[in-house]
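Have a look at my_file26.cif; it's mmCIF, C-alpha atoms:
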data_data
#
loop_
_atom_site.label_atom_id
_atom_site.label_comp_id
_atom_site.auth_asym_id
_atom_site.auth_seq_id
_atom_site.Cartn_x
_atom_site.Cartn_y
_atom_site.Cartn_z
CA MET A 1 15.13 19.82 -14.00
CA ALA A 2 17.61 21.72 -11.79
CA ASN A 3 16.32 19.71 -8.81
CA ALA A 4 17.08 16.41 -10.56
CA LYS A 5 20.63 17.61 -11.36
CA ALA A 6 21.17 18.59 -7.71
CA GLU A 7 19.89 15.19 -6.50
CA LYS A 8 22.18 13.43 -8.98
CA ALA A 9 25.18 15.42 -7.79
CA GLN A 10 24.42 14.60 -4.14
CA ALA A 11 23.99 10.84 -4.69
CA MET A 12 26.54 8.98 -2.62
CA GLU A 13 26.78 5.68 -0.77
CA SER A 14 25.94 5.72 2.91
CA GLU A 15 24.65 3.43 5.63
CA ARG A 16 21.27 3.32 3.87
CA ILE A 17 22.32 3.50 0.19
CA GLU A 18 24.52 1.19 -1.91
CA PHE A 19 25.35 1.42 -5.63
CA LYS A 20 26.11 -1.54 -7.89
CA GLN A 21 26.67 -1.38 -11.63
CA ASP A 22 25.10 -4.77 -12.35
CA TRP A 23 23.36 -7.61 -10.54
CA ASN A 24 24.94 -10.78 -9.27
CA ASP A 25 23.52 -13.13 -6.64
CA ASP A 26 26.23 -12.06 -4.17
CA HIS A 27 24.24 -8.82 -3.80
CA LEU A 28 21.62 -10.79 -1.84
CA LYS A 29 23.84 -10.39 1.23
CA TRP A 30 23.70 -6.58 0.78
CA ILE A 31 19.90 -6.77 0.78
CA ALA A 32 20.04 -8.95 3.91
CA GLY A 33 22.46 -6.44 5.46
CA PHE A 34 19.98 -3.62 4.89
CA ALA A 35 17.12 -5.71 6.26
CA ASN A 36 19.12 -6.59 9.38
CA ALA A 37 20.07 -2.95 10.00
CA ASP A 38 17.56 -0.11 9.62
CA GLY A 39 16.57 -0.84 6.02
CA GLY A 40 18.03 0.80 2.95
CA VAL A 41 18.13 1.07 -0.81
CA LEU A 42 20.27 -0.79 -3.34
CA HIS A 43 20.65 0.99 -6.69
CA LEU A 44 21.51 -1.23 -9.65
CA GLY A 45 22.89 0.55 -12.69
CA ARG A 46 24.98 3.17 -10.85
CA ASN A 47 28.75 3.28 -10.41
CA ASP A 48 30.50 3.93 -7.07
CA LYS A 49 30.29 7.68 -7.68
CA GLY A 50 26.51 7.45 -8.00
CA GLU A 51 26.53 8.15 -11.72
CA ILE A 52 23.88 6.32 -13.70
CA VAL A 53 25.52 3.88 -16.10
CA GLY A 54 22.42 1.91 -17.04
CA LEU A 55 21.60 -1.72 -16.39
CA PRO A 56 21.63 -4.48 -19.01
CA LYS A 57 18.57 -6.77 -19.09
CA VAL A 58 16.74 -4.42 -16.73
CA ARG A 59 13.27 -5.67 -17.74
CA LYS A 60 14.18 -9.30 -16.98
CA LEU A 61 15.69 -8.30 -13.62
CA LEU A 62 12.53 -6.33 -12.83
CA GLU A 63 10.58 -9.60 -13.12
CA ASP A 64 13.17 -12.01 -11.63
CA LEU A 65 14.56 -10.12 -8.61
CA PRO A 66 11.42 -9.90 -6.45
CA ASN A 67 10.98 -13.69 -6.75
CA LYS A 68 14.66 -14.48 -6.16
CA ILE A 69 14.80 -12.24 -3.08
CA ARG A 70 11.59 -13.78 -1.73
CA ASP A 71 12.81 -17.34 -2.36
CA VAL A 72 16.32 -16.90 -0.91
CA LEU A 73 15.75 -14.36 1.88
CA GLY A 74 12.06 -14.90 2.62
CA ILE A 75 11.20 -11.19 2.45
CA LEU A 76 9.34 -8.97 0.01
CA VAL A 77 11.07 -5.84 -1.25
CA ALA A 78 10.05 -3.07 -3.62
CA VAL A 79 11.89 -3.25 -6.95
CA ASN A 80 11.36 0.00 -8.87
CA LEU A 81 12.40 0.88 -12.40
CA HIS A 82 13.82 4.37 -13.03
CA GLN A 83 14.97 6.07 -16.19
CA GLU A 84 17.33 9.05 -16.40
CA ASP A 85 19.22 10.46 -19.36
CA GLY A 86 17.96 7.56 -21.49
CA LYS A 87 19.45 4.96 -19.11
CA GLU A 88 17.39 2.54 -17.05
CA TRP A 89 18.30 1.47 -13.51
CA LEU A 90 16.63 -0.32 -10.61
CA GLU A 91 16.05 0.68 -7.02
CA ILE A 92 15.53 -2.10 -4.46
CA ALA A 93 13.98 -0.69 -1.28
CA VAL A 94 14.44 -2.90 1.78
CA ASP A 95 12.54 -2.56 5.06
CA PRO A 96 14.15 -3.63 8.36
CA TYR A 97 13.55 -7.26 9.23
CA PRO A 98 15.82 -9.97 10.70
CA VAL A 99 16.83 -12.31 7.87
CA SER A 100 19.61 -14.74 7.02
CA CYS A 101 21.18 -15.15 3.61
CA ARG A 102 22.01 -18.80 2.95
CA GLY A 103 22.49 -19.46 6.66
CA ALA A 104 24.61 -16.37 7.42
CA TYR A 105 23.59 -13.06 8.94
CA HIS A 106 24.85 -9.82 7.40
CA VAL A 107 24.42 -6.29 8.73
CA ARG A 108 25.00 -2.95 7.09
CA SER A 109 27.65 -0.98 8.98
CA GLY A 110 28.59 2.39 7.53
CA SER A 111 28.89 1.77 3.80
CA THR A 112 29.99 -1.86 4.26
CA CYS A 113 28.20 -5.15 4.65
CA GLN A 114 29.53 -7.24 7.55
CA GLU A 115 28.90 -10.95 8.14
CA LEU A 116 28.12 -11.66 11.79
CA LYS A 117 30.36 -14.38 13.24
CA GLY A 118 30.95 -16.04 16.60
CA ALA A 119 28.47 -14.92 19.26
CA ALA A 120 27.34 -11.91 17.21
CA PRO A 121 24.43 -13.69 15.40
CA ASP A 122 22.96 -14.85 18.73
CA ARG A 123 23.28 -11.37 20.24
CA PHE A 124 21.81 -9.83 17.08
CA LEU A 125 18.76 -12.13 17.02
CA LEU A 126 18.07 -11.72 20.72
CA ARG A 127 18.24 -7.93 20.39
CA LYS A 128 15.85 -8.02 17.42
CA VAL A 129 13.22 -9.82 19.49
CA GLY A 130 13.85 -7.72 22.60
CA ARG A 131 15.41 -10.45 24.73
CA THR A 132 18.70 -11.09 26.52
CA TRP A 133 20.73 -14.28 26.80
CA ASP A 134 19.56 -14.96 30.36
CA SER A 135 15.89 -15.02 29.31
CA VAL A 136 16.34 -17.84 26.79
CA PRO A 137 15.34 -21.35 27.85
CA VAL A 138 18.10 -23.95 27.77
CA PRO A 139 17.01 -27.19 26.06
CA HIS A 140 16.76 -30.31 28.27
CA ILE A 141 17.17 -28.33 31.50
CA GLY A 142 14.28 -28.16 33.95
CA PHE A 143 13.58 -27.54 37.63
CA PRO A 144 14.88 -31.00 38.71
CA HIS A 145 18.31 -30.04 37.32
CA LEU A 146 18.60 -26.84 39.38
CA ASP A 147 20.01 -26.51 42.91
CA THR A 148 17.94 -24.71 45.50
#

Go ahead and express the file in the form of structure tokens.
Amino acid sequence: MANAKAEKAQAMESERIEFKQDWNDDHLKWIAGFANADGGVLHLGRNDKGEIVGLPKVRKLLEDLPNKIRDVLGILVAVNLHQEDGKEWLEIAVDPYPVSCRGAYHVRSGSTCQELKGAAPDRFLLRKVGRTWDSVPVPHIGFPHLDT
């Protein structure tokens, strides 16, 4: 029991952990941000201090979230139910994988979620597949178009 109290006291947001009191579909970009970084965990039913506040409709979310995340992001995540001090909360564990959320790419940076803009999405995707911009074929350009 003392171990659980110590863990609870040490809970804080970081590059790999985010707390949200409730679910809304905007949190899909946080899941995408974790996937596009090094993975991470989203806790639903915790406040910004890491205190467990409980989650309304937790059983429905336990059924709905895996399908919603799969349908919108195209990835499978672990959605785990936890109970502490009589309050239920969910943990969504996300593995690293390049993924867009409704056409935009988000990446976890520190304890924030940043949308990649400009040239950043291209650079991000190339890095994820181990390529550089000069190794990518240019459409409609072939040997006849090149000077010797």

Item to check | Given only C-alpha atoms as the counted atoms, nearest of A:Cys101, A:Leu146, A:Val94, A:Leu73 to Lys29 (chain A) | outcome: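 The closest residue to Lys29 (chain A) is A:Cys101.
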
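Distance check against Ile52 (chain A) using only C-alpha atoms: of A:Gln21, A:Asn67, A:Ser135, A:Ser109, the minimum falls on A:Gln21.
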
Checklist entry - Which residues come within 7 Å of region 46-50 of chain A, counting all atoms listed in the file, excluding same-chain residues fewer than 4 positions away, as a PyMOL selection string? => result chain A and resi 11-12+19-21+54

Checklist entry - With all atoms listed in the file as the basis for distance, which of A:Leu44, A:Val72, A:Leu81, A:Val129 is at the shortest distance from Tyr97 (chain A)? => result A:Val129

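If you look at CA of Phe34 (chain A) and CA of Thr132 (chain A), they are 22.9 Å away from each other.
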
Item to check | Selection under test: the PyMOL selection byres ((chain A and resi 25) around 12); residues as a ChimeraX atom specification | outcome: /A:20,22-24,26-32,61,64-65,68-69,72-73,101-102

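With all atoms listed in the file as the basis for measurement, A:Pro98 is the residue among A:Gly86, A:Gly45, A:Gly142, A:Pro98 that approaches Asp122 (chain A) most closely.
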
Next on the checklist: One number please: CA of Ala119 (chain A) to CA of Gly39 (chain A), in Å, one decimal.
Outcome noted: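 Atom-to-atom, CA of Ala119 (chain A) to CA of Gly39 (chain A), that is 22.7 Å.
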
Checklist outcome for this item: Between CA of Ala78 (chain A) and CA of Glu115 (chain A) lies a distance of 23.6 Å

Written as a compact mmCIF listing (two decimals) with C-alpha atoms, in the frame of the given file, what is the full residue list that the PyMOL selection byres ((chain A and resi 108) around 12) yields on the file shown?
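Heads up, here's the output in selection_12.txt:
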# COMPACT_ATOMS: atom_id res chain seq x y z
CA GLU A 13 26.78 5.68 -0.77
CA SER A 14 25.94 5.72 2.91
CA GLU A 15 24.65 3.43 5.63
CA ARG A 16 21.27 3.32 3.87
CA ILE A 17 22.32 3.50 0.19
CA GLU A 18 24.52 1.19 -1.91
CA LYS A 29 23.84 -10.39 1.23
CA TRP A 30 23.70 -6.58 0.78
CA ILE A 31 19.90 -6.77 0.78
CA ALA A 32 20.04 -8.95 3.91
CA GLY A 33 22.46 -6.44 5.46
CA PHE A 34 19.98 -3.62 4.89
CA ALA A 35 17.12 -5.71 6.26
CA ASN A 36 19.12 -6.59 9.38
CA ALA A 37 20.07 -2.95 10.00
CA ASP A 38 17.56 -0.11 9.62
CA GLY A 39 16.57 -0.84 6.02
CA GLY A 40 18.03 0.80 2.95
CA VAL A 41 18.13 1.07 -0.81
CA LEU A 42 20.27 -0.79 -3.34
CA VAL A 94 14.44 -2.90 1.78
CA PRO A 96 14.15 -3.63 8.36
CA TYR A 105 23.59 -13.06 8.94
CA HIS A 106 24.85 -9.82 7.40
CA VAL A 107 24.42 -6.29 8.73
CA SER A 109 27.65 -0.98 8.98
CA GLY A 110 28.59 2.39 7.53
CA SER A 111 28.89 1.77 3.80
CA THR A 112 29.99 -1.86 4.26
CA CYS A 113 28.20 -5.15 4.65
CA GLN A 114 29.53 -7.24 7.55
CA GLU A 115 28.90 -10.95 8.14
CA LEU A 116 28.12 -11.66 11.79

So for region 84-93 of chain A, what box centre and size do we get, axis-aligned, 8 Å extra on each of the six sides, every listed atom, Å to one decimal, as AutoDock Vina command-line options?
--center_x 16.7 --center_y 4.2 --center_z -11.4 --size_x 21.5 --size_y 28.6 --size_z 36.2

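Of the listed residues (A:Lys57, A:Arg127, A:His145, A:His43), A:His43 comes nearest to Ile92 (chain A); the distances count all atoms listed in the file.
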